[in-house]
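File shown: structure-v7.txt. Contents: compact mmCIF, C-alpha atoms.
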```txt
# COMPACT_ATOMS: atom_id res chain seq x y z
CA MET A 1383 -26.34 -21.08 5.38
CA LEU A 1384 -23.04 -19.93 6.77
CA GLN A 1385 -24.67 -17.50 9.13
CA SER A 1386 -26.70 -20.26 10.70
CA LEU A 1387 -23.68 -22.38 11.55
CA THR A 1388 -22.44 -22.13 15.04
CA LEU A 1389 -19.11 -23.60 15.86
CA ASP A 1390 -20.05 -25.65 18.86
CA ASN A 1391 -22.89 -27.74 17.57
CA SER A 1392 -22.08 -27.98 13.91
CA PRO A 1393 -21.65 -31.64 13.05
CA SER A 1394 -19.37 -30.67 10.18
CA LEU A 1395 -16.89 -29.22 12.62
CA ALA A 1396 -17.05 -31.93 15.24
CA GLY A 1397 -13.95 -33.73 14.07
CA PHE A 1398 -11.81 -30.71 13.38
CA GLY A 1399 -8.58 -29.62 14.90
CA PHE A 1400 -6.25 -31.41 17.21
CA ARG A 1401 -4.20 -33.40 14.84
CA SER A 1402 -1.48 -35.41 16.50
CA SER A 1403 1.03 -32.55 16.31
CA PRO A 1404 2.56 -31.80 19.71
CA ALA A 1405 1.32 -28.81 21.63
CA PRO A 1406 3.54 -25.75 21.25
CA GLN A 1407 6.14 -25.44 23.99
CA ARG A 1408 5.17 -21.97 24.99
CA LEU A 1409 2.29 -19.80 24.04
CA PRO A 1410 3.15 -16.75 22.01
CA LYS A 1411 2.18 -13.52 23.69
CA ALA A 1412 -0.82 -12.95 21.49
CA MET A 1413 -2.43 -16.23 22.53
CA ILE A 1414 -2.41 -15.45 26.19
CA PRO A 1415 -5.79 -13.94 26.95
CA ILE A 1416 -5.28 -10.31 27.80
CA ALA A 1417 -7.53 -8.20 29.90
CA ALA A 1418 -9.36 -5.54 27.95
CA PRO A 1419 -7.18 -2.45 28.36
CA GLU A 1420 -10.19 -0.17 28.60
CA ALA A 1421 -13.30 -0.81 30.60
CA ASN A 1422 -15.55 0.02 27.67
CA ALA A 1423 -13.62 -1.95 25.08
CA VAL A 1424 -15.83 -4.50 23.34
CA LEU A 1425 -14.64 -7.98 24.02
CA SER A 1426 -14.04 -9.46 20.58
CA PRO A 1427 -12.44 -12.78 19.76
CA ASP A 1428 -8.65 -12.72 19.65
CA PHE A 1429 -8.36 -12.93 15.87
CA SER A 1430 -4.55 -12.72 15.94
CA GLY A 1431 -4.51 -15.73 18.26
CA LEU A 1432 -6.75 -17.59 15.81
CA VAL A 1433 -4.37 -16.91 12.91
CA LEU A 1434 -1.50 -18.17 15.07
CA ALA A 1435 -3.52 -21.30 15.85
CA VAL A 1436 -3.88 -21.87 12.10
CA ALA A 1437 -0.15 -21.29 11.64
CA GLN A 1438 0.98 -23.55 14.46
CA ARG A 1439 -1.37 -26.50 14.27
CA GLN A 1440 -3.57 -26.07 11.20
CA ASP A 1441 -6.47 -25.48 13.55
CA LYS A 1442 -9.57 -25.76 11.37
CA GLN A 1443 -11.93 -24.54 14.02
CA ALA A 1444 -9.88 -21.38 14.33
CA PHE A 1445 -10.01 -21.04 10.55
CA ALA A 1446 -13.80 -21.47 10.54
CA GLN A 1447 -14.10 -18.68 13.10
CA LEU A 1448 -11.88 -16.39 11.05
CA PHE A 1449 -13.84 -17.28 7.94
CA GLY A 1450 -17.17 -16.59 9.60
CA HIS A 1451 -16.03 -13.13 10.66
CA TYR A 1452 -13.87 -11.97 7.77
CA ALA A 1453 -15.12 -13.63 4.56
CA PRO A 1454 -18.43 -11.66 4.50
CA ARG A 1455 -16.52 -8.45 5.22
CA VAL A 1456 -13.96 -9.09 2.51
CA LYS A 1457 -16.80 -9.83 0.10
CA SER A 1458 -18.51 -6.57 1.01
CA TYR A 1459 -15.22 -4.67 0.62
CA LEU A 1460 -14.73 -6.16 -2.86
CA MET A 1461 -18.26 -5.33 -3.96
CA ARG A 1462 -17.75 -1.75 -2.86
CA HIS A 1463 -14.80 -1.80 -5.25
CA GLY A 1464 -17.01 -2.81 -8.15
CA ALA A 1465 -16.75 -6.61 -8.11
CA ASP A 1466 -20.00 -8.43 -8.89
CA ASP A 1467 -21.32 -11.02 -6.47
CA GLY A 1468 -19.63 -13.97 -8.19
CA GLN A 1469 -16.23 -12.33 -8.49
CA ALA A 1470 -16.37 -10.99 -4.94
CA GLU A 1471 -17.30 -14.44 -3.65
CA GLU A 1472 -14.38 -15.99 -5.50
CA ILE A 1473 -11.80 -13.44 -4.33
CA ALA A 1474 -13.13 -13.53 -0.75
CA GLN A 1475 -12.63 -17.30 -0.72
CA GLU A 1476 -9.17 -16.94 -2.24
CA THR A 1477 -8.31 -14.41 0.44
CA MET A 1478 -9.26 -16.85 3.19
CA LEU A 1479 -7.45 -19.75 1.49
CA SER A 1480 -4.35 -17.53 1.23
CA LEU A 1481 -4.67 -16.95 4.96
CA TRP A 1482 -4.68 -20.72 5.48
CA ARG A 1483 -1.57 -21.19 3.37
CA LYS A 1484 0.36 -18.14 4.49
CA ALA A 1485 -0.55 -18.11 8.18
CA GLY A 1486 3.09 -18.87 9.02
CA MET A 1487 4.06 -15.47 7.65
CA PHE A 1488 1.70 -13.60 9.97
CA ASP A 1489 3.54 -11.50 12.54
CA PRO A 1490 1.20 -10.21 15.26
CA SER A 1491 3.80 -7.69 16.45
CA LYS A 1492 3.58 -5.94 13.06
CA ALA A 1493 -0.13 -6.00 12.25
CA SER A 1494 -3.48 -7.16 13.54
CA ALA A 1495 -5.23 -10.09 11.88
CA GLY A 1496 -7.71 -7.68 10.28
CA THR A 1497 -4.94 -5.54 8.83
CA TRP A 1498 -3.13 -8.57 7.46
CA ILE A 1499 -6.31 -9.93 5.87
CA PHE A 1500 -7.04 -6.49 4.43
CA THR A 1501 -3.63 -6.46 2.68
CA ILE A 1502 -4.20 -9.95 1.24
CA ALA A 1503 -7.65 -8.96 -0.08
CA ARG A 1504 -6.32 -5.67 -1.43
CA ASN A 1505 -3.52 -7.38 -3.35
CA LEU A 1506 -5.82 -10.03 -4.80
CA ARG A 1507 -8.23 -7.25 -5.83
CA ILE A 1508 -5.48 -5.30 -7.63
CA ASP A 1509 -4.52 -8.46 -9.44
CA ALA A 1510 -7.99 -9.66 -10.36
CA ILE A 1511 -10.04 -6.48 -10.78
CA ARG A 1512 -7.51 -3.82 -11.69
CA LYS A 1513 -5.49 -6.35 -13.66
CA SER A 1514 -2.27 -4.70 -12.72
CA ARG A 1515 0.73 -5.50 -10.61
CA ARG A 1516 1.44 -4.12 -7.19
CA PRO A 1517 5.11 -3.22 -6.81
CA GLU A 1518 6.27 -3.80 -3.23
CA PHE A 1519 9.54 -3.32 -1.41
CA ASP A 1520 11.58 -6.37 -0.46
CA PRO A 1521 13.34 -6.40 2.94
CA ASP A 1522 15.97 -8.80 1.50
CA ASP A 1523 16.89 -6.32 -1.23
CA PRO A 1524 20.58 -5.28 -0.97
CA ALA A 1525 19.44 -1.69 -1.64
CA PHE A 1526 16.93 -1.81 1.24
CA VAL A 1527 17.49 0.73 4.04
CA PRO A 1528 16.52 -1.05 7.29
CA ASP A 1529 14.50 0.47 10.12
CA ARG A 1530 16.34 2.15 12.90
CA GLU A 1531 16.53 0.03 16.05
CA GLN A 1532 13.12 0.07 17.67
CA ALA A 1533 13.14 1.20 21.27
CA ALA A 1534 12.12 -1.65 23.56
CA ASP A 1535 9.11 0.15 24.98
CA ASP A 1536 7.99 1.07 21.48
CA SER A 1537 6.67 -2.35 20.58
CA MET A 1538 3.07 -3.12 21.45
CA GLU A 1539 1.20 -6.25 22.32
CA ALA A 1540 -1.05 -7.39 19.51
CA GLY A 1541 -4.25 -6.68 21.42
CA GLU A 1542 -3.10 -3.29 22.54
CA MET A 1543 -2.20 -2.28 19.00
CA SER A 1544 -5.70 -3.05 17.76
CA VAL A 1545 -7.27 -0.95 20.46
CA ARG A 1546 -4.94 1.97 19.78
CA VAL A 1547 -5.49 1.81 16.04
CA ARG A 1548 -9.26 1.91 16.57
CA GLY A 1549 -8.79 4.80 18.97
CA ALA A 1550 -6.72 6.65 16.35
CA LEU A 1551 -9.45 6.18 13.75
CA ASP A 1552 -12.14 7.31 16.17
CA SER A 1553 -10.10 10.39 17.09
CA LEU A 1554 -10.23 11.74 13.53
CA PRO A 1555 -12.51 14.71 12.93
CA GLU A 1556 -15.45 13.70 10.75
CA GLU A 1557 -14.20 15.53 7.65
CA GLN A 1558 -10.84 13.71 7.82
CA ALA A 1559 -12.42 10.33 8.59
CA GLU A 1560 -14.66 10.79 5.55
CA VAL A 1561 -11.82 11.16 3.04
CA VAL A 1562 -9.89 8.31 4.65
CA LYS A 1563 -12.94 6.05 4.29
CA LEU A 1564 -13.56 7.08 0.70
CA SER A 1565 -9.87 6.38 -0.06
CA PHE A 1566 -10.32 2.79 1.06
CA PHE A 1567 -13.78 2.08 -0.29
CA GLU A 1568 -13.78 3.87 -3.64
CA ASP A 1569 -11.51 2.69 -6.38
CA LYS A 1570 -10.92 6.19 -7.71
CA PRO A 1571 -8.14 8.74 -7.62
CA HIS A 1572 -8.36 11.53 -5.04
CA GLY A 1573 -9.19 14.00 -7.84
CA GLU A 1574 -12.47 12.17 -8.40
CA ILE A 1575 -13.16 11.87 -4.69
CA ALA A 1576 -12.71 15.66 -4.49
CA LYS A 1577 -15.27 16.11 -7.29
CA GLN A 1578 -17.67 13.76 -5.56
CA LEU A 1579 -17.41 15.80 -2.33
CA ASP A 1580 -17.46 19.05 -4.30
CA LEU A 1581 -14.16 20.10 -2.71
CA PRO A 1582 -10.93 21.40 -4.22
CA LEU A 1583 -8.34 18.62 -4.60
CA GLY A 1584 -6.03 20.58 -2.31
CA THR A 1585 -8.55 20.29 0.51
CA VAL A 1586 -8.81 16.52 0.13
CA LYS A 1587 -5.02 16.28 0.10
CA SER A 1588 -4.60 18.40 3.19
CA ARG A 1589 -7.28 16.43 5.08
CA LEU A 1590 -5.41 13.22 4.31
CA ARG A 1591 -2.15 14.81 5.46
CA LEU A 1592 -3.72 16.05 8.71
CA ALA A 1593 -5.34 12.65 9.28
CA MET A 1594 -1.94 10.97 9.02
CA ARG A 1595 -0.42 13.42 11.46
CA ARG A 1596 -3.20 12.80 13.95
CA ILE A 1597 -2.92 9.03 13.60
CA ARG A 1598 0.83 9.21 14.19
CA THR A 1599 0.21 11.13 17.39
CA ALA A 1600 -2.60 8.83 18.50
CA LEU A 1601 -0.36 5.81 18.01
CA GLY A 1602 2.19 7.43 20.26
CA GLU A 1603 4.63 8.60 17.62
CA LYS A 1604 6.24 11.96 17.77
CA GLU A 1605 4.83 14.77 15.66
CA GLU A 1606 6.59 15.30 12.36
CA MET B 1122 21.29 9.31 4.48
CA ALA B 1123 17.59 9.16 5.17
CA ALA B 1124 15.39 10.84 2.59
CA LEU B 1125 14.44 14.45 3.35
CA HIS B 1126 11.69 14.85 0.76
CA HIS B 1127 8.85 12.36 0.77
CA PRO B 1128 5.88 11.53 -1.46
CA GLN B 1129 2.76 13.51 -0.55
CA SER B 1130 0.57 11.95 2.09
CA ASP B 1131 -2.38 11.38 -0.27
CA THR B 1132 -0.10 9.39 -2.59
CA LEU B 1133 0.90 7.12 0.31
CA TRP B 1134 -2.77 6.75 1.32
CA ALA B 1135 -3.65 5.69 -2.23
CA TYR B 1136 -0.78 3.18 -2.24
CA ALA B 1137 -1.94 1.74 1.09
CA ALA B 1138 -5.53 1.54 -0.13
CA GLY B 1139 -4.43 -0.13 -3.35
CA THR B 1140 -5.90 2.52 -5.64
CA LEU B 1141 -2.67 4.10 -6.90
CA ASP B 1142 -1.81 3.45 -10.54
CA GLU B 1143 1.02 1.04 -11.25
CA ALA B 1144 3.50 3.64 -12.57
CA SER B 1145 3.21 5.77 -9.44
CA SER B 1146 3.29 2.64 -7.29
CA VAL B 1147 6.72 1.69 -8.68
CA LEU B 1148 8.03 5.04 -7.49
CA VAL B 1149 6.35 4.80 -4.09
CA ALA B 1150 7.53 1.22 -3.49
CA SER B 1151 11.08 2.26 -4.48
CA HIS B 1152 10.94 5.16 -2.03
CA LEU B 1153 9.62 2.85 0.71
CA ALA B 1154 12.62 0.56 0.17
CA LEU B 1155 14.83 3.52 1.08
CA CYS B 1156 12.68 5.33 3.67
CA PRO B 1157 11.85 3.69 7.04
CA GLU B 1158 9.72 6.72 7.99
CA CYS B 1159 7.30 6.37 5.08
CA ARG B 1160 7.24 2.58 5.55
CA ALA B 1161 6.00 3.18 9.09
CA ASP B 1162 3.37 5.62 7.78
CA VAL B 1163 2.13 3.14 5.18
CA ALA B 1164 1.95 0.43 7.88
CA ARG B 1165 -0.22 2.80 9.96
CA MET B 1166 -2.43 3.48 6.93
CA GLU B 1167 -2.79 -0.25 6.32
CA ALA B 1168 -3.81 -0.62 9.97
CA MET B 1169 -6.59 1.88 9.22
CA GLY B 1170 -7.47 -0.31 6.24
CA GLY B 1171 -7.82 -3.22 8.65
CA GLU B 1172 -10.26 -1.18 10.74
CA MET B 1173 -12.14 -0.21 7.56
CA LEU B 1174 -12.52 -3.90 6.79
CA GLU B 1175 -14.15 -4.41 10.19
CA ASP B 1176 -16.57 -1.62 9.25
CA ALA B 1177 -17.07 -2.69 5.64
CA GLY B 1178 -20.41 -4.33 6.29
CA THR B 1179 -21.07 -7.95 5.40
CA VAL B 1180 -22.32 -9.75 2.31
CA SER B 1181 -23.14 -13.36 2.95
CA ILE B 1182 -20.98 -16.05 1.43
CA SER B 1183 -22.97 -18.32 -0.86
CA SER B 1184 -20.79 -21.44 -0.71
CA SER B 1185 -21.27 -23.69 2.28
CA LEU B 1186 -18.65 -23.72 4.95
CA ASP B 1187 -18.29 -27.48 4.40
CA ASP B 1188 -17.22 -26.95 0.79
CA ILE B 1189 -14.70 -24.36 1.80
CA MET B 1190 -13.30 -26.46 4.62
CA ALA B 1191 -12.96 -29.36 2.20
CA ARG B 1192 -10.65 -27.24 0.06
CA LEU B 1193 -8.20 -26.89 2.93
CA ASP B 1194 -7.17 -30.53 2.85
CA GLY B 1195 -6.47 -31.16 -0.79
CA PRO B 1196 -3.76 -29.27 -2.55
CA VAL B 1197 -5.22 -25.81 -2.00
CA PHE B 1198 -6.17 -24.61 -5.43
CA VAL B 1199 -5.82 -20.90 -5.65
CA LYS B 1200 -5.92 -19.21 -9.02
CA ALA B 1201 -2.40 -18.27 -9.90
CA GLN B 1202 -1.60 -14.73 -8.90
CA SER B 1203 0.87 -12.95 -11.10
CA GLN B 1204 4.15 -14.34 -9.91
CA PRO B 1205 6.42 -11.93 -8.12
CA ILE B 1206 9.49 -11.31 -10.20
CA LYS B 1207 12.69 -11.34 -8.23
CA THR B 1208 15.23 -9.54 -10.32
CA PRO B 1209 18.70 -10.05 -8.84
CA ALA B 1210 20.78 -7.01 -7.93
CA ASN B 1211 24.02 -6.25 -9.71
CA ASP B 1212 24.34 -2.91 -8.00
CA THR B 1213 22.64 -1.19 -5.10
CA ILE B 1214 21.40 1.81 -7.06
CA LEU B 1215 18.08 0.35 -8.18
CA PRO B 1216 15.79 -0.82 -5.38
CA ARG B 1217 14.02 -4.09 -6.04
CA PRO B 1218 10.62 -2.71 -7.18
CA LEU B 1219 12.43 -0.79 -9.90
CA ARG B 1220 14.74 -3.65 -10.93
CA ASP B 1221 11.65 -5.69 -11.69
CA TYR B 1222 10.89 -3.24 -14.51
CA VAL B 1223 14.36 -2.09 -15.51
CA GLY B 1224 16.75 -5.03 -15.04
CA SER B 1225 19.45 -5.93 -12.60
CA SER B 1226 21.67 -2.88 -12.96
CA VAL B 1227 21.69 0.70 -14.28
CA ASP B 1228 24.76 -0.31 -16.31
CA THR B 1229 22.69 -2.53 -18.56
CA VAL B 1230 19.82 -0.08 -19.17
CA LYS B 1231 19.29 0.66 -22.87
CA TRP B 1232 19.32 4.45 -22.74
CA HIS B 1233 17.93 6.64 -25.50
CA GLY B 1234 19.07 10.23 -26.12
CA LEU B 1235 16.52 12.90 -25.17
CA THR B 1236 18.27 16.25 -25.16
CA SER B 1237 21.88 17.25 -24.71
CA GLY B 1238 23.20 15.53 -21.59
CA VAL B 1239 19.89 13.76 -20.88
CA GLU B 1240 19.12 10.12 -21.63
CA TYR B 1241 15.93 8.20 -20.84
CA PHE B 1242 14.46 4.73 -20.54
CA ASP B 1243 10.69 4.18 -20.36
CA LEU B 1244 9.56 1.47 -17.96
CA PRO B 1245 7.27 -1.17 -19.45
CA VAL B 1246 4.36 -0.34 -17.21
CA ARG B 1247 0.69 -0.32 -18.07
CA ALA B 1248 -0.97 2.68 -16.50
CA LYS B 1249 -3.61 4.80 -18.10
CA GLY B 1250 -2.21 8.18 -18.93
CA ARG B 1251 0.86 7.79 -16.75
CA ARG B 1252 4.41 7.25 -17.80
CA ALA B 1253 7.30 6.04 -15.67
CA ARG B 1254 10.66 7.05 -17.06
CA LEU B 1255 14.21 6.62 -15.87
CA LEU B 1256 16.43 9.64 -16.60
CA LYS B 1257 20.20 9.86 -16.63
CA ILE B 1258 21.40 13.43 -16.54
CA ALA B 1259 25.08 14.29 -17.08
CA PRO B 1260 26.72 16.17 -14.17
CA GLY B 1261 25.98 19.89 -14.24
CA THR B 1262 23.36 19.65 -17.01
CA ARG B 1263 20.50 22.15 -16.94
CA VAL B 1264 17.29 20.41 -17.90
CA PRO B 1265 15.13 22.73 -20.03
CA SER B 1266 12.63 24.66 -17.91
CA HIS B 1267 9.21 23.06 -18.10
CA GLY B 1268 5.74 22.93 -16.63
CA HIS B 1269 3.47 19.92 -16.41
CA GLY B 1270 0.19 18.94 -17.99
CA GLY B 1271 -0.38 16.94 -14.80
CA GLU B 1272 1.34 16.08 -11.57
CA GLU B 1273 4.95 14.95 -11.85
CA MET B 1274 6.84 12.92 -9.24
CA THR B 1275 10.60 12.58 -9.38
CA MET B 1276 12.71 10.31 -7.20
CA VAL B 1277 16.50 10.51 -7.14
CA LEU B 1278 18.43 7.23 -7.28
CA ALA B 1279 22.01 8.46 -7.76
CA GLY B 1280 23.69 11.86 -7.81
CA GLY B 1281 21.31 14.72 -7.19
CA TYR B 1282 19.75 17.89 -8.58
CA THR B 1283 18.59 21.30 -7.50
CA ASP B 1284 15.69 23.38 -8.77
CA GLU B 1285 13.71 26.42 -7.65
CA PHE B 1286 12.11 24.40 -4.85
CA GLY B 1287 15.00 22.56 -3.24
CA SER B 1288 17.91 20.13 -3.52
CA TYR B 1289 17.26 16.44 -3.96
CA ALA B 1290 19.51 13.45 -3.26
CA ARG B 1291 19.11 9.66 -3.25
CA GLY B 1292 15.70 8.60 -1.98
CA ASP B 1293 14.20 12.09 -2.14
CA VAL B 1294 10.91 12.59 -3.95
CA GLU B 1295 9.77 15.89 -5.46
CA THR B 1296 6.15 16.38 -6.45
CA ALA B 1297 5.45 19.17 -8.93
CA ASP B 1298 1.85 20.07 -9.57
CA VAL B 1299 0.32 21.64 -12.65
CA THR B 1300 1.04 25.17 -11.52
CA GLN B 1301 4.79 24.75 -11.10
CA VAL B 1302 7.44 25.46 -13.66
CA HIS B 1303 10.90 24.28 -12.74
CA GLN B 1304 14.37 23.96 -14.15
CA PRO B 1305 16.32 21.14 -12.52
CA VAL B 1306 20.13 21.34 -12.63
CA ALA B 1307 22.07 18.13 -12.05
CA ASP B 1308 24.75 18.26 -9.36
CA ALA B 1309 28.37 18.18 -10.41
CA GLY B 1310 30.30 14.95 -9.88
CA GLU B 1311 28.33 11.88 -10.90
CA PRO B 1312 25.40 11.59 -13.30
CA CYS B 1313 22.00 12.11 -11.73
CA ILE B 1314 19.81 9.07 -12.18
CA CYS B 1315 16.16 9.55 -11.32
CA LEU B 1316 12.74 8.05 -11.88
CA THR B 1317 9.95 10.34 -13.03
CA VAL B 1318 6.26 9.56 -13.18
CA THR B 1319 4.21 12.00 -15.19
CA ARG B 1320 0.65 12.41 -16.24
CA GLY B 1321 0.13 14.44 -19.35
CA ALA B 1322 2.84 16.03 -21.41
CA LEU B 1323 5.72 18.17 -20.24
CA ILE B 1324 5.25 21.69 -21.49
CA PRO B 1325 8.17 24.04 -22.25
CA SER B 1326 7.87 26.96 -19.86
CA ALA B 1327 7.34 29.68 -22.51
CA ILE B 1328 4.27 27.93 -23.88
CA PHE B 1329 3.19 26.92 -20.37
CA SER B 1330 3.01 30.52 -19.16
CA VAL B 1331 0.89 31.49 -22.17
CA ILE B 1332 -1.51 28.62 -21.53
CA ASN B 1333 -1.67 29.51 -17.86
CA ARG B 1334 -2.35 33.13 -18.62
CA PHE B 1335 -5.09 32.67 -21.17
CA PHE B 1336 -6.52 29.31 -20.24
CA PRO B 1337 -5.93 29.01 -16.50
CA ARG B 1338 -8.68 26.42 -16.24
CA LEU B 1339 -6.93 24.11 -18.65
CA SER B 1340 -4.00 23.51 -16.38
CA ALA B 1341 -5.86 23.81 -13.09
```
Represent the structure of the file as structure tokens.
Amino acid sequence: MLQSLTLDNSPSLAGFGFRSSPAPQRLPKAMIPIAAPEANAVLSPDFSGLVLAVAQRQDKQAFAQLFGHYAPRVKSYLMRHGADDGQAEEIAQETMLSLWRKAGMFDPSKASAGTWIFTIARNLRIDAIRKSRRPEFDPDDPAFVPDREQAADDSMEAGEMSVRVRGALDSLPEEQAEVVKLSFFEDKPHGEIAKQLDLPLGTVKSRLRLAMRRIRTALGEKEE
Amino acid sequence: MAALHHPQSDTLWAYAAGTLDEASSVLVASHLALCPECRADVARMEAMGGEMLEDAGTVSISSSLDDIMARLDGPVFVKAQSQPIKTPANDTILPRPLRDYVGSSVDTVKWHGLTSGVEYFDLPVRAKGRRARLLKIAPGTRVPSHGHGGEEMTMVLAGGYTDEFGSYARGDVETADVTQVHQPVADAGEPCICLTVTRGALIPSAIFSVINRFFPRLSA
């Protein structure tokens, strides 16, 4: 049913959006259409811009687009982690409803829409499937050690970051990409992933370490 | 005073993926509070997680979009997530993730005696086979030499210690695997307060070397 809906001709969406709230004074960077930085980059919708549209004017059409793209992916992610269809459906919907409520907290200079949605889904999964808590640091903590001042040319535009992150992932040698993928899609400790791949644990650990080093370099950070 | 010793990369990957056990996650989150470098690494790992989500494949949603859109207008009903605890700080020794399990200050921790000069407090954390324990070691104390039935992570919160592998101060994390025997010695001056996360029992080094010699596969 969902797959068959298209945004433009769906009667259910005809009246959405454009409440009487005033238009924002200036467009945030991420909403300004940017040219694809690479000729071969696939032109995908500006998901960060859609989250900002939800944050700024409760744009339901933007939400529907985000839902259409991400909810089936979140559901698939959850089922790979052992949720059954019903539970995965429920948590996928909760993830998207959390996006609706928390859109104001989204910061496109820190993460892409996909990354942010991944963290919401991950945390709901830990809560609901693992039935445990996820301890997280708190930037308002008096004990917190803040980041060093970021150099001005260090910050990236939202669209650029996405492209570079994808490039970093694609630059990983197959054997490193494999353990990174298994880390995200299998809810098991690295010891079990090592057994599954018939590798010593030390090899899995060193592949993950090398992958991180490569990603750091690909994202333009200095080598450790 | 940035940390010099960090958790191993695979531990950070597991934290980013959300597959790390809760006891180890308390230690990692506490380290992240004190270490901008590892925070940046975990953010990069989460960005990979975002790309993984794009590649996760799709499973179609069974509810109709209309039903879901209708939920946006009413009071959005989302099943209550476990509420974040915000334990206030009465000192700056315990980072927030740790205070949520230990209390607002190290001064109010109910320590139990372990060995001479060493006191402990076990965190109320549910994690299969893992234990998170706060240790307070009197200045200059030599902790009995021991090996590990499983991996052990130690993070220093106050004071410091030195063992065969290095010197550790606030924010530093040491990971000892099953093959390592070590004898930490607390620095002189102030008590060393640290968080340890262990899997399996600690094994006194004399017994450990016998096990290793005759049953190397047991500890490998």
Write out as a PDB file with C-alpha atoms, in the coordinates of the input every residue belonging to chain A that has an atom at most 6 Å from any atom of chain B, counting all atoms listed in the file.
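Below is the file that was written, part38.pdb:
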```
ATOM      1  CA  PRO A1454     -18.430 -11.660   4.500  1.00  0.00           C
ATOM      2  CA  ARG A1455     -16.520  -8.450   5.220  1.00  0.00           C
ATOM      3  CA  LYS A1457     -16.800  -9.830   0.100  1.00  0.00           C
ATOM      4  CA  SER A1458     -18.510  -6.570   1.010  1.00  0.00           C
ATOM      5  CA  TYR A1459     -15.220  -4.670   0.620  1.00  0.00           C
ATOM      6  CA  GLY A1496      -7.710  -7.680  10.280  1.00  0.00           C
ATOM      7  CA  THR A1497      -4.940  -5.540   8.830  1.00  0.00           C
ATOM      8  CA  PHE A1500      -7.040  -6.490   4.430  1.00  0.00           C
ATOM      9  CA  PRO A1517       5.110  -3.220  -6.810  1.00  0.00           C
ATOM     10  CA  GLU A1518       6.270  -3.800  -3.230  1.00  0.00           C
ATOM     11  CA  PHE A1519       9.540  -3.320  -1.410  1.00  0.00           C
ATOM     12  CA  ALA A1525      19.440  -1.690  -1.640  1.00  0.00           C
ATOM     13  CA  PHE A1526      16.930  -1.810   1.240  1.00  0.00           C
ATOM     14  CA  VAL A1527      17.490   0.730   4.040  1.00  0.00           C
ATOM     15  CA  ASP A1529      14.500   0.470  10.120  1.00  0.00           C
ATOM     16  CA  PHE A1566     -10.320   2.790   1.060  1.00  0.00           C
ATOM     17  CA  ASP A1569     -11.510   2.690  -6.380  1.00  0.00           C
ATOM     18  CA  LYS A1587      -5.020  16.280   0.100  1.00  0.00           C
ATOM     19  CA  LEU A1590      -5.410  13.220   4.310  1.00  0.00           C
ATOM     20  CA  ARG A1591      -2.150  14.810   5.460  1.00  0.00           C
TER      21      ARG A1591
END
```
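Residue neighbourhood of Glu1285 of chain B, excluding near-sequence residues (fewer than 5 positions): Ser1266, His1267, Glu1295, Ala1297, Gln1301, Val1302, His1303, Gln1304, Pro1305 and Val1306 of chain B, at 12 Å, using all atoms listed in the file.
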Residue with the minimum atom-to-atom distance to His1126 of chain B, picked from B:Thr1275, B:Ser1326, B:Thr1319, B:Gly1310 with all atoms listed in the file counted, is B:Thr1275
List the spatial neighbours of segment 1579-1585 of chain A as a tab-separated table (two decimals) with C-alpha atoms, keeping the file's coordinate frame - criterion: any atom at most 12 Å away, only C-alpha atoms, same-chain residues fewer than 2 positions off excluded.
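Result file is result_0.tsv:
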```
chain	number	residue	atom	x	y	z
A	1557	GLU	CA	-14.20	15.53	7.65
A	1558	GLN	CA	-10.84	13.71	7.82
A	1560	GLU	CA	-14.66	10.79	5.55
A	1561	VAL	CA	-11.82	11.16	3.04
A	1564	LEU	CA	-13.56	7.08	0.70
A	1571	PRO	CA	-8.14	8.74	-7.62
A	1572	HIS	CA	-8.36	11.53	-5.04
A	1573	GLY	CA	-9.19	14.00	-7.84
A	1574	GLU	CA	-12.47	12.17	-8.40
A	1575	ILE	CA	-13.16	11.87	-4.69
A	1576	ALA	CA	-12.71	15.66	-4.49
A	1577	LYS	CA	-15.27	16.11	-7.29
A	1587	LYS	CA	-5.02	16.28	0.10
A	1588	SER	CA	-4.60	18.40	3.19
A	1589	ARG	CA	-7.28	16.43	5.08
A	1590	LEU	CA	-5.41	13.22	4.31
A	1591	ARG	CA	-2.15	14.81	5.46
A	1592	LEU	CA	-3.72	16.05	8.71
B	1129	GLN	CA	2.76	13.51	-0.55
B	1130	SER	CA	0.57	11.95	2.09
B	1131	ASP	CA	-2.38	11.38	-0.27
B	1298	ASP	CA	1.85	20.07	-9.57
B	1341	ALA	CA	-5.86	23.81	-13.09
```
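The spacing separating atom CA of His1451 of chain A from atom CA of Arg1504 of chain A amounts to 17.2 Å.
Nearest residue to Lys1249 of chain B among A:Ser1514, A:Thr1599, A:Ser1544, A:Ser1553 is A:Ser1514, counting all atoms listed in the file.
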Neighbour residues at most 6 Å from (18.0, 6.7, -8.4) (only C-alpha atoms) as an NGL selection string: :B and (1277-1279 or 1314-1315)
By how many Å are atom CA of Ser1494 of chain A and atom CA of Gly1464 of chain A apart? 25.9 Å
Please report the interatomic distance between atom CA of Lys1570 of chain A and atom CA of Ile1499 of chain A in Å with one decimal. 21.6 Å
Tell me which protein, DNA and RNA residues are within 7 Å of segment 1478-1480 of chain A, counting only C-alpha atoms, leaving out same-chain ones fewer than 3 positions away, and put them as a PyMOL selection string. chain A and resi 1449+1453+1474-1475+1483-1484
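Ranking B:Thr1300, B:Ser1288, B:Thr1229, B:Thr1317 by their shortest atom-to-atom distance to Arg1254 of chain B, with only C-alpha atoms included, puts B:Thr1317 first.
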